[in-house]
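Everything below belongs to target.csv, which stores CSV, C-alpha atoms.
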chain,number,residue,atom,x,y,z
T,1,MET,CA,-18.4,-26.9,17.1
T,2,GLU,CA,-18.9,-23.2,16.8
T,3,PRO,CA,-22.2,-22.3,14.9
T,4,GLU,CA,-22.0,-20.6,11.6
T,5,HIS,CA,-24.3,-17.7,12.5
T,6,ALA,CA,-25.1,-16.1,15.9
T,7,SER,CA,-28.7,-15.1,16.7
T,8,VAL,CA,-29.7,-11.4,16.5
T,9,LYS,CA,-29.9,-11.4,20.3
T,10,GLY,CA,-26.4,-12.9,20.6
T,11,ARG,CA,-25.0,-10.3,18.2
T,12,GLN,CA,-26.7,-7.5,20.0
T,13,SER,CA,-25.3,-8.8,23.3
T,14,ALA,CA,-21.8,-9.0,21.9
T,15,GLU,CA,-22.1,-5.4,20.6
T,16,ARG,CA,-23.1,-4.1,24.0
T,17,SER,CA,-20.4,-6.0,26.0
T,18,PRO,CA,-17.2,-4.2,26.7
T,19,ARG,CA,-14.2,-5.1,24.6
T,20,PRO,CA,-10.7,-5.3,26.1
T,21,GLN,CA,-8.5,-2.6,24.7
T,22,PRO,CA,-4.8,-2.5,23.9
T,23,SER,CA,-2.8,-1.4,26.9
T,24,PRO,CA,-0.4,1.6,26.9
T,25,ARG,CA,2.4,-1.0,26.6
T,26,ASP,CA,0.8,-2.7,23.6
T,27,VAL,CA,0.5,0.7,21.8
T,28,ALA,CA,4.1,1.6,22.8
T,29,ASP,CA,5.4,-1.8,21.5
T,30,GLU,CA,3.7,-1.2,18.1
T,31,LEU,CA,5.0,2.4,17.8
T,32,ARG,CA,8.4,1.4,18.9
T,33,THR,CA,8.4,-1.3,16.1
T,34,ARG,CA,7.5,1.3,13.5
T,35,ILE,CA,10.3,3.5,14.7
T,36,ARG,CA,13.0,0.8,14.8
T,37,SER,CA,11.9,-0.7,11.4
T,38,GLY,CA,12.1,2.7,9.7
T,39,VAL,CA,8.3,3.1,9.1
T,40,LEU,CA,8.6,6.2,11.3
T,41,ARG,CA,11.9,8.0,10.5
T,42,PRO,CA,14.1,10.2,12.7
T,43,GLY,CA,12.8,13.7,12.8
T,44,GLN,CA,9.3,12.7,11.4
T,45,ARG,CA,6.2,14.0,13.1
T,46,MET,CA,4.0,11.3,14.6
T,47,PRO,CA,0.3,11.0,13.8
T,48,THR,CA,-1.9,13.1,16.1
T,49,GLN,CA,-3.0,11.6,19.4
T,50,ALA,CA,-6.5,11.6,18.2
T,51,ARG,CA,-5.6,9.6,15.1
T,52,LEU,CA,-3.6,7.1,17.1
T,53,ALA,CA,-6.4,6.7,19.5
T,54,ASP,CA,-8.8,6.0,16.6
T,55,GLU,CA,-6.4,3.6,15.0
T,56,PHE,CA,-5.8,1.5,18.1
T,57,GLY,CA,-9.4,1.9,19.4
T,58,VAL,CA,-8.3,3.4,22.8
T,59,GLU,CA,-8.7,6.6,24.8
T,60,ARG,CA,-6.3,9.4,24.2
T,61,GLY,CA,-5.0,8.9,27.8
T,62,THR,CA,-3.8,5.4,26.8
T,63,VAL,CA,-2.0,7.0,23.8
T,64,ARG,CA,-0.3,9.6,25.9
T,65,GLN,CA,0.9,7.0,28.4
T,66,ALA,CA,2.4,5.0,25.4
T,67,LEU,CA,4.1,8.2,24.0
T,68,ARG,CA,5.6,9.0,27.5
T,69,MET,CA,7.1,5.5,27.6
T,70,LEU,CA,8.8,6.1,24.3
T,71,ARG,CA,9.9,9.5,25.4
T,72,GLU,CA,11.6,7.9,28.4
T,73,GLU,CA,13.4,5.5,26.0
T,74,ARG,CA,14.5,8.6,24.1
T,75,LEU,CA,12.7,7.5,21.0
T,76,LEU,CA,10.3,10.5,20.9
T,77,THR,CA,10.6,14.3,21.7
T,78,ASP,CA,7.9,17.0,22.2
T,79,VAL,CA,5.4,14.7,23.9
T,80,SER,CA,2.5,16.8,25.1
T,81,LYS,CA,-1.3,17.2,25.0
T,82,GLY,CA,-1.0,19.6,22.1
T,83,ALA,CA,1.1,19.1,18.9
T,84,PRO,CA,2.0,15.6,17.7
T,85,ALA,CA,5.2,14.1,19.1
T,86,THR,CA,8.4,13.8,16.9
T,87,VAL,CA,10.6,10.8,16.4
T,88,ALA,CA,14.0,11.7,18.0
T,89,PRO,CA,16.2,13.1,15.2
T,90,ASP,CA,19.4,11.6,16.5
T,91,LEU,CA,18.2,8.0,16.2
T,92,PRO,CA,20.2,5.6,14.0
T,93,ALA,CA,18.5,4.8,10.7
T,94,GLY,CA,15.8,2.2,10.9
T,95,GLY,CA,16.8,-1.4,10.4
T,96,VAL,CA,16.0,-3.4,7.3
T,97,PRO,CA,12.6,-5.1,7.6
T,98,ALA,CA,12.8,-8.8,8.3
T,99,GLY,CA,12.9,-10.8,5.1
T,100,PRO,CA,14.5,-13.9,3.6
T,101,GLY,CA,18.1,-14.2,4.8
T,102,SER,CA,17.7,-11.7,7.6
T,103,ALA,CA,18.1,-12.5,11.3
T,104,PRO,CA,14.9,-13.6,13.0
T,105,GLN,CA,13.1,-10.8,14.8
T,106,PRO,CA,10.3,-10.5,17.4
T,107,THR,CA,6.8,-10.7,15.9
T,108,MET,CA,6.0,-7.0,15.9
T,109,ALA,CA,9.4,-5.9,14.5
T,110,ALA,CA,9.1,-8.4,11.7
T,111,LEU,CA,5.4,-8.5,11.0
T,112,THR,CA,4.5,-4.8,10.6
T,113,PRO,CA,6.9,-3.9,7.7
T,114,ARG,CA,6.1,-7.2,5.9
T,115,ILE,CA,2.4,-6.7,6.2
T,116,ALA,CA,2.8,-3.1,4.9
T,117,ASP,CA,4.8,-4.3,1.9
T,118,ALA,CA,2.1,-7.0,1.2
T,119,PHE,CA,-0.6,-4.3,1.0
T,120,ALA,CA,1.3,-2.7,-1.9
T,121,ALA,CA,-0.1,-5.5,-4.1
T,122,ARG,CA,-3.2,-5.1,-6.2
T,123,HIS,CA,-4.8,-8.2,-4.6
T,124,VAL,CA,-3.8,-8.6,-1.0
T,125,ALA,CA,-4.1,-12.1,0.5
T,126,ILE,CA,-3.3,-12.6,4.2
T,127,ASP,CA,-3.6,-16.0,6.0
T,128,ALA,CA,-2.9,-16.2,9.7
T,129,LEU,CA,-2.9,-19.0,12.3
T,130,CYS,CA,-2.6,-17.7,15.8
T,131,LEU,CA,-3.9,-17.6,19.3
T,132,THR,CA,-5.8,-14.3,19.5
T,133,ALA,CA,-4.9,-12.2,16.3
T,134,VAL,CA,-3.6,-9.3,18.4
T,135,SER,CA,-0.3,-9.1,16.5
T,136,LEU,CA,-2.1,-9.1,13.2
T,137,THR,CA,-4.6,-6.5,14.3
T,138,LEU,CA,-1.7,-4.2,15.4
T,139,ALA,CA,0.4,-4.8,12.3
T,140,ILE,CA,-2.4,-4.0,9.9
T,141,GLY,CA,-2.8,-0.6,11.5
T,142,GLU,CA,0.1,0.8,9.4
T,143,PRO,CA,-1.1,-0.2,5.9
T,144,LEU,CA,-4.6,1.0,6.9
T,145,ARG,CA,-3.1,4.4,7.7
T,146,ARG,CA,-1.3,4.4,4.4
T,147,ILE,CA,-4.5,3.5,2.5
T,148,HIS,CA,-6.3,6.4,4.2
T,149,ALA,CA,-3.4,8.7,3.3
T,150,GLY,CA,-3.6,7.6,-0.4
T,151,GLU,CA,-0.2,5.9,-0.4
T,152,LEU,CA,-1.5,2.4,-0.9
T,153,LYS,CA,-4.4,1.5,-3.3
T,154,PRO,CA,-5.2,-2.2,-3.3
T,155,ALA,CA,-8.3,-3.3,-5.2
T,156,LYS,CA,-9.1,-6.4,-3.3
T,157,ILE,CA,-8.2,-7.7,0.2
T,158,ASP,CA,-8.8,-11.3,1.4
T,159,VAL,CA,-8.0,-12.2,5.0
T,160,ARG,CA,-8.4,-15.6,6.5
T,161,VAL,CA,-7.7,-16.3,10.2
T,162,LEU,CA,-7.6,-19.6,12.1
T,163,LEU,CA,-8.0,-19.3,15.9
T,164,PRO,CA,-8.6,-21.9,18.6
T,165,SER,CA,-12.2,-22.9,19.2
T,166,ARG,CA,-14.1,-21.8,22.3
T,167,ASP,CA,-15.1,-25.5,22.8
T,168,ILE,CA,-11.7,-26.9,23.7
T,169,ASP,CA,-9.7,-26.8,26.9
T,170,LEU,CA,-6.7,-24.6,26.0
T,171,ALA,CA,-3.2,-25.9,26.6
T,172,PHE,CA,-2.3,-22.3,27.3
T,173,PRO,CA,-3.1,-19.9,28.8
T,174,ALA,CA,-3.9,-22.4,31.6
T,175,PRO,CA,-3.5,-22.3,35.4
T,176,VAL,CA,-0.5,-24.2,36.8
T,177,ASP,CA,-2.7,-26.0,39.3
T,178,GLY,CA,-5.7,-26.5,37.1
T,179,GLY,CA,-9.1,-26.5,38.8
T,180,ALA,CA,-11.8,-23.9,38.5
T,181,ALA,CA,-9.3,-21.2,37.6
T,182,GLY,CA,-9.1,-22.7,34.1
T,183,ARG,CA,-12.7,-21.5,33.4
T,184,THR,CA,-11.8,-17.9,34.4
T,185,LEU,CA,-8.7,-17.9,32.2
T,186,GLN,CA,-10.6,-19.5,29.3
T,187,ARG,CA,-13.3,-16.9,29.6
T,188,HIS,CA,-10.7,-14.1,29.7
T,189,TRP,CA,-8.9,-15.5,26.6
T,190,LEU,CA,-12.2,-15.9,24.7
T,191,THR,CA,-13.2,-12.3,25.3
T,192,HIS,CA,-9.8,-11.2,24.2
T,193,ARG,CA,-9.9,-13.5,21.1
T,194,ASN,CA,-13.3,-12.2,20.1
T,195,ALA,CA,-12.5,-8.5,20.7
T,196,GLN,CA,-9.3,-8.6,18.6
T,197,GLY,CA,-11.1,-10.4,15.8
T,198,GLN,CA,-14.0,-7.9,15.8
T,199,VAL,CA,-11.6,-5.0,15.7
T,200,LEU,CA,-9.6,-6.6,12.8
T,201,ARG,CA,-12.8,-7.3,10.9
T,202,HIS,CA,-14.3,-3.9,11.5
T,203,ASN,CA,-11.2,-2.0,10.5
T,204,LEU,CA,-10.8,-3.9,7.2
T,205,LEU,CA,-14.5,-4.0,6.2
T,206,ALA,CA,-14.7,-0.2,6.7
T,207,LEU,CA,-12.5,0.1,3.6
T,208,ARG,CA,-15.5,-1.0,1.5
T,209,SER,CA,-17.4,2.2,2.2
T,210,THR,CA,-14.4,4.6,2.5
T,211,HIS,CA,-12.4,3.4,-0.5
T,212,GLY,CA,-14.5,1.0,-2.5
T,213,ILE,CA,-12.1,-1.9,-1.9
T,214,ASP,CA,-13.4,-5.4,-2.2
T,215,VAL,CA,-12.8,-6.9,1.2
T,216,ARG,CA,-13.4,-10.3,2.6
T,217,VAL,CA,-12.5,-11.3,6.2
T,218,SER,CA,-13.1,-14.9,7.3
T,219,PHE,CA,-12.5,-16.8,10.6
T,220,ARG,CA,-12.5,-20.5,11.3
T,221,ALA,CA,-12.0,-22.4,14.6
T,222,LEU,CA,-9.3,-25.0,15.3
T,223,PRO,CA,-10.0,-28.0,17.5
T,224,PHE,CA,-6.6,-27.5,19.2
T,225,THR,CA,-4.3,-24.9,20.7
T,226,PRO,CA,-1.7,-24.0,18.0
T,227,PRO,CA,1.9,-24.4,19.3
T,228,VAL,CA,3.1,-22.1,16.5
T,229,LYS,CA,1.9,-19.0,14.7
T,230,LEU,CA,2.0,-18.6,10.9
T,231,TYR,CA,1.4,-15.7,8.6
T,232,LEU,CA,1.2,-16.2,4.8
T,233,LEU,CA,1.4,-13.1,2.7
T,234,ASN,CA,0.1,-13.0,-0.9
T,235,GLY,CA,1.0,-16.6,-1.4
T,236,THR,CA,4.7,-15.8,-1.6
T,237,GLU,CA,5.9,-15.3,1.9
T,238,ALA,CA,5.7,-17.2,5.2
T,239,LEU,CA,6.5,-15.9,8.6
T,240,PHE,CA,6.7,-18.6,11.3
T,241,ALA,CA,7.2,-18.5,15.0
T,242,TYR,CA,7.0,-20.9,18.0
T,243,TYR,CA,4.8,-20.1,20.9
T,244,THR,CA,7.3,-20.6,23.7
T,245,VAL,CA,5.3,-21.4,26.9
T,246,LYS,CA,6.5,-19.9,30.2
T,247,ARG,CA,5.3,-19.9,33.8
T,248,ARG,CA,4.3,-16.5,35.0
T,249,GLU,CA,1.8,-14.5,37.2
T,250,GLN,CA,-1.1,-12.5,35.8
T,251,GLN,CA,-4.0,-10.7,37.3
T,252,VAL,CA,-7.4,-11.6,35.7
T,253,ASP,CA,-10.7,-10.2,36.9
T,254,GLN,CA,-8.9,-8.9,40.1
T,255,GLU,CA,-7.6,-12.3,40.8
T,256,GLN,CA,-3.9,-13.3,40.8
T,257,PHE,CA,-3.1,-16.5,38.8
T,258,GLU,CA,0.0,-18.7,38.3
T,259,LEU,CA,-0.3,-19.8,34.8
T,260,TYR,CA,1.4,-21.2,31.7
T,261,ASP,CA,1.2,-18.9,28.8
T,262,ALA,CA,3.2,-17.6,25.7
T,263,GLU,CA,4.0,-14.0,24.8
T,264,GLY,CA,2.8,-13.9,21.3
T,265,THR,CA,3.9,-10.4,20.3
T,266,ARG,CA,7.5,-11.2,21.3
T,267,SER,CA,7.7,-14.6,19.6
T,268,VAL,CA,10.6,-14.7,17.2
T,269,LEU,CA,9.5,-14.8,13.6
T,270,PHE,CA,11.5,-16.6,10.8
T,271,ALA,CA,10.9,-15.3,7.3
T,272,PHE,CA,10.7,-17.4,4.1
T,273,GLU,CA,10.0,-16.3,0.5
T,274,GLN,CA,9.3,-18.2,-2.7
T,275,GLY,CA,12.2,-17.8,-5.1
T,276,ALA,CA,14.8,-17.2,-2.3
T,277,GLY,CA,16.1,-20.8,-2.7
T,278,PRO,CA,14.8,-24.3,-2.7
T,279,ARG,CA,14.3,-24.6,1.0
T,280,ASP,CA,12.4,-21.2,1.3
T,281,THR,CA,10.2,-22.0,-1.7
T,282,ALA,CA,9.4,-25.5,-0.3
T,283,PHE,CA,8.6,-24.1,3.1
T,284,VAL,CA,6.2,-21.5,1.7
T,285,GLU,CA,4.5,-24.0,-0.5
T,286,GLN,CA,4.1,-26.6,2.2
T,287,SER,CA,2.8,-23.9,4.7
T,288,LEU,CA,0.2,-22.8,2.2
T,289,ARG,CA,-0.9,-26.5,1.7
T,290,TRP,CA,-1.0,-27.0,5.5
T,291,PHE,CA,-3.1,-23.9,6.1
T,292,ASP,CA,-5.5,-24.8,3.3
T,293,ALA,CA,-5.8,-28.3,4.6
T,294,LEU,CA,-6.7,-27.1,8.1
T,295,TRP,CA,-9.1,-24.5,6.7
T,296,GLY,CA,-11.0,-27.1,4.5
T,297,THR,CA,-11.1,-30.1,6.9
T,298,ILE,CA,-11.0,-30.1,10.7
T,299,SER,CA,-11.7,-26.4,11.3
T,300,SER,CA,-15.2,-25.2,11.9
T,301,GLU,CA,-17.2,-22.0,11.5
T,302,LEU,CA,-16.3,-19.4,14.1
T,303,VAL,CA,-18.5,-16.6,15.4
T,304,LEU,CA,-16.9,-13.8,17.4
T,305,THR,CA,-19.3,-13.6,20.2
T,306,ASN,CA,-19.1,-14.8,23.8
Encoding of this model in structure tokens:
Amino acid sequence: MEPEHASVKGRQSAERSPRPQPSPRDVADELRTRIRSGVLRPGQRMPTQARLADEFGVERGTVRQALRMLREERLLTDVSKGAPATVAPDLPAGGVPAGPGSAPQPTMAALTPRIADAFAARHVAIDALCLTAVSLTLAIGEPLRRIHAGELKPAKIDVRVLLPSRDIDLAFPAPVDGGAAGRTLQRHWLTHRNAQGQVLRHNLLALRSTHGIDVRVSFRALPFTPPVKLYLLNGTEALFAYYTVKRREQQVDQEQFELYDAEGTRSVLFAFEQGAGPRDTAFVEQSLRWFDALWGTISSELVLTN
């Protein structure tokens, strides 16, 4: 079981240890989602590179690489070290954000606009069950930007996140051949899990001092590897996806591994909403009951340290 509180020494050690940062492709994927979902509109100026670097917690060089990727896809123009880039003016209008009755979409395309809409409420309540919280951390970047811009003004934010415990042998990511490589992959996953959780918590709790918002962020550990991801928004929406496990190669700590893993940011999300019909309403209600049951029974306290 994970302890409720880390020692001061443990916390200081975690603060000094390097945190994995989003890659240029991670940043490009999130910005591409904002463009295709209509959050960033054709002809609109992008945030400055300095602001994007601060939002994603990366160096400006990482942001520039991401912007170049989107320029090569003809989604951006005027990418340079100076003025902010511009969303290509000849793009088709952004698609409708994923919602009840719409076609399922990859996680980032569906999650970002729904999270942004959820933050328009006076009391924001987000529950998430996932493997590392990377998708949630990226998706919350847009409503945070809008809060800082004065476009959104929630009074209270409650976020609860269920993640796999450090004390279990993960079903994935896991080496194809097992053995000692499993410890390396487990350590890599744990560092990534903790880093994403720390960034998510820091970005949200900062709203207390900057905007006087009542914010609570809680994490608990699951005794199993979740085969699905689930996001519950303000008690009225449920976004659900399967973690589809695939065999692939990945370099970790300068070693090449054959492993089983799932690409969480590309998992296809299905959207359900209370009031959209009996089946949708029942799914949301049962998902809330399921999450609350896991939170209050077999999960344990989770501390985001290695």
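Here CA of Phe270 (chain T) is placed at a distance of 26.3 Å from CA of Val199 (chain T).
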Could you build a table of the residues in region 93-195 of chain T lying no more than 10 Å from region 217-232 of chain T, giving for each the nearest pair of atoms and their separation in Å rounded to one decimal place, using all atoms listed in the file, ordered by chain and ascending residue number, as a Markdown table?
| residue | atom | partner | partner_atom | distance |
| --- | --- | --- | --- | --- |
| T:Thr107 | CA | T:Lys229 | CA | 9.7 |
| T:Leu111 | CA | T:Tyr231 | CA | 8.6 |
| T:Ile115 | CA | T:Tyr231 | CA | 9.4 |
| T:Ala118 | CA | T:Leu232 | CA | 9.9 |
| T:Ala125 | CA | T:Leu232 | CA | 8.0 |
| T:Ile126 | CA | T:Leu232 | CA | 5.8 |
| T:Asp127 | CA | T:Leu232 | CA | 5.0 |
| T:Ala128 | CA | T:Tyr231 | CA | 4.5 |
| T:Leu129 | CA | T:Leu230 | CA | 5.1 |
| T:Cys130 | CA | T:Lys229 | CA | 4.8 |
| T:Leu131 | CA | T:Pro226 | CA | 6.9 |
| T:Ala133 | CA | T:Lys229 | CA | 9.7 |
| T:Leu136 | CA | T:Tyr231 | CA | 8.8 |
| T:Ile157 | CA | T:Val217 | CA | 8.2 |
| T:Asp158 | CA | T:Val217 | CA | 6.1 |
| T:Val159 | CA | T:Val217 | CA | 4.7 |
| T:Arg160 | CA | T:Ser218 | CA | 4.8 |
| T:Val161 | CA | T:Phe219 | CA | 4.8 |
| T:Leu162 | CA | T:Arg220 | CA | 5.0 |
| T:Leu163 | CA | T:Ala221 | CA | 5.2 |
| T:Pro164 | CA | T:Leu222 | CA | 4.6 |
| T:Ser165 | CA | T:Ala221 | CA | 4.6 |
| T:Arg166 | CA | T:Ala221 | CA | 8.0 |
| T:Asp167 | CA | T:Pro223 | CA | 7.8 |
| T:Ile168 | CA | T:Pro223 | CA | 6.5 |
| T:Asp169 | CA | T:Phe224 | CA | 8.3 |
| T:Leu170 | CA | T:Thr225 | CA | 5.8 |
| T:Ala171 | CA | T:Thr225 | CA | 6.1 |
| T:Phe172 | CA | T:Thr225 | CA | 7.4 |
| T:Pro173 | CA | T:Thr225 | CA | 9.6 |
- CA of Gln286 (chain T) to CA of Leu302 (chain T) measures 24.7 Å
- Message: List as a ChimeraX atom specification the protein and nucleic acid residues near Leu205 (chain T), meaning an atom at most 8 Å away when only C-alpha atoms are counted, but skip any in the same chain fewer than 4 places from it.
- Response: /T:201,209,215-217
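Nearest-residue note for His188 (chain T): choosing from T:Met69, T:Ala238, T:Val252, T:Val245, the minimum distance belongs to T:Val252, counting only C-alpha atoms.
A straight line drawn from CA of Thr48 (chain T) to CA of Pro84 (chain T) is 4.9 Å long.
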- Might you pull out every residue within 9 Å of Thr132 (chain T), with all atoms listed in the file counted and same-chain residues fewer than 6 positions away left off, and present them as a list of chain:residue names? T:Leu163, T:Pro164, T:Trp189, T:Leu190, T:His192, T:Arg193, T:Asn194, T:Ala195, T:Gln196, T:Gly197, T:Gly264
- Test item: residues at most 12 Å from Gln65 (chain T), only C-alpha atoms, excluding those fewer than 4 positions along its chain, as a PyMOL selection string: chain T and resi 22-28+49+53+58-61+69-72+79-81
Write out, as a tab-separated table, each residue of region 50-91 of chain T that has an atom at most 9 Å from region 33-41 of chain T, together with the closest pair of atoms and their distance in Å to one decimal, counting only C-alpha atoms, rows going by chain and rising number.
residue	atom	partner	partner_atom	distance
T:Leu75	CA	T:Ile35	CA	7.8
T:Val87	CA	T:Arg41	CA	6.7
T:Ala88	CA	T:Arg41	CA	8.6
T:Pro89	CA	T:Arg41	CA	8.2
T:Leu91	CA	T:Arg41	CA	8.5
For Phe283 (chain T), list every protein, DNA or RNA residue within 12 Å, evaluated using all atoms listed in the file, and leave out those in the same chain fewer than 6 positions away; present the list as a PDB file with C-alpha atoms, keeping the file's coordinate frame.
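The result, written out as selection11.pdb:
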ATOM      1  CA  PRO T 100      14.500 -13.900   3.600  1.00  0.00           C
ATOM      2  CA  LEU T 230       2.000 -18.600  10.900  1.00  0.00           C
ATOM      3  CA  LEU T 232       1.200 -16.200   4.800  1.00  0.00           C
ATOM      4  CA  GLY T 235       1.000 -16.600  -1.400  1.00  0.00           C
ATOM      5  CA  THR T 236       4.700 -15.800  -1.600  1.00  0.00           C
ATOM      6  CA  GLU T 237       5.900 -15.300   1.900  1.00  0.00           C
ATOM      7  CA  ALA T 238       5.700 -17.200   5.200  1.00  0.00           C
ATOM      8  CA  LEU T 239       6.500 -15.900   8.600  1.00  0.00           C
ATOM      9  CA  PHE T 240       6.700 -18.600  11.300  1.00  0.00           C
ATOM     10  CA  PHE T 270      11.500 -16.600  10.800  1.00  0.00           C
ATOM     11  CA  ALA T 271      10.900 -15.300   7.300  1.00  0.00           C
ATOM     12  CA  PHE T 272      10.700 -17.400   4.100  1.00  0.00           C
ATOM     13  CA  GLU T 273      10.000 -16.300   0.500  1.00  0.00           C
ATOM     14  CA  GLN T 274       9.300 -18.200  -2.700  1.00  0.00           C
ATOM     15  CA  GLY T 275      12.200 -17.800  -5.100  1.00  0.00           C
ATOM     16  CA  ALA T 276      14.800 -17.200  -2.300  1.00  0.00           C
ATOM     17  CA  GLY T 277      16.100 -20.800  -2.700  1.00  0.00           C
ATOM     18  CA  ARG T 289      -0.900 -26.500   1.700  1.00  0.00           C
ATOM     19  CA  TRP T 290      -1.000 -27.000   5.500  1.00  0.00           C
TER      20      TRP T 290
END
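Residue neighbourhood of Val124 (chain T), excluding near-sequence residues (fewer than 2 positions): Phe119, Ala121, Ile157 and Asn234 of chain T, at 6 Å, using only C-alpha atoms.
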Those same residues, written as a CSV table (one decimal), in the coordinates of the input with C-alpha atoms?
chain,number,residue,atom,x,y,z
T,119,PHE,CA,-0.6,-4.3,1.0
T,121,ALA,CA,-0.1,-5.5,-4.1
T,157,ILE,CA,-8.2,-7.7,0.2
T,234,ASN,CA,0.1,-13.0,-0.9
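Between Met46 (chain T) and the residues T:Thr86, T:Thr184, T:Thr112, T:Thr62, the shortest atom-to-atom distance, using all atoms listed in the file, involves T:Thr86.
Closest approach to Glu249 (chain T) among T:Leu200, T:Leu31, T:Val176, T:Val303 is made by T:Val176 (distances from all atoms listed in the file).
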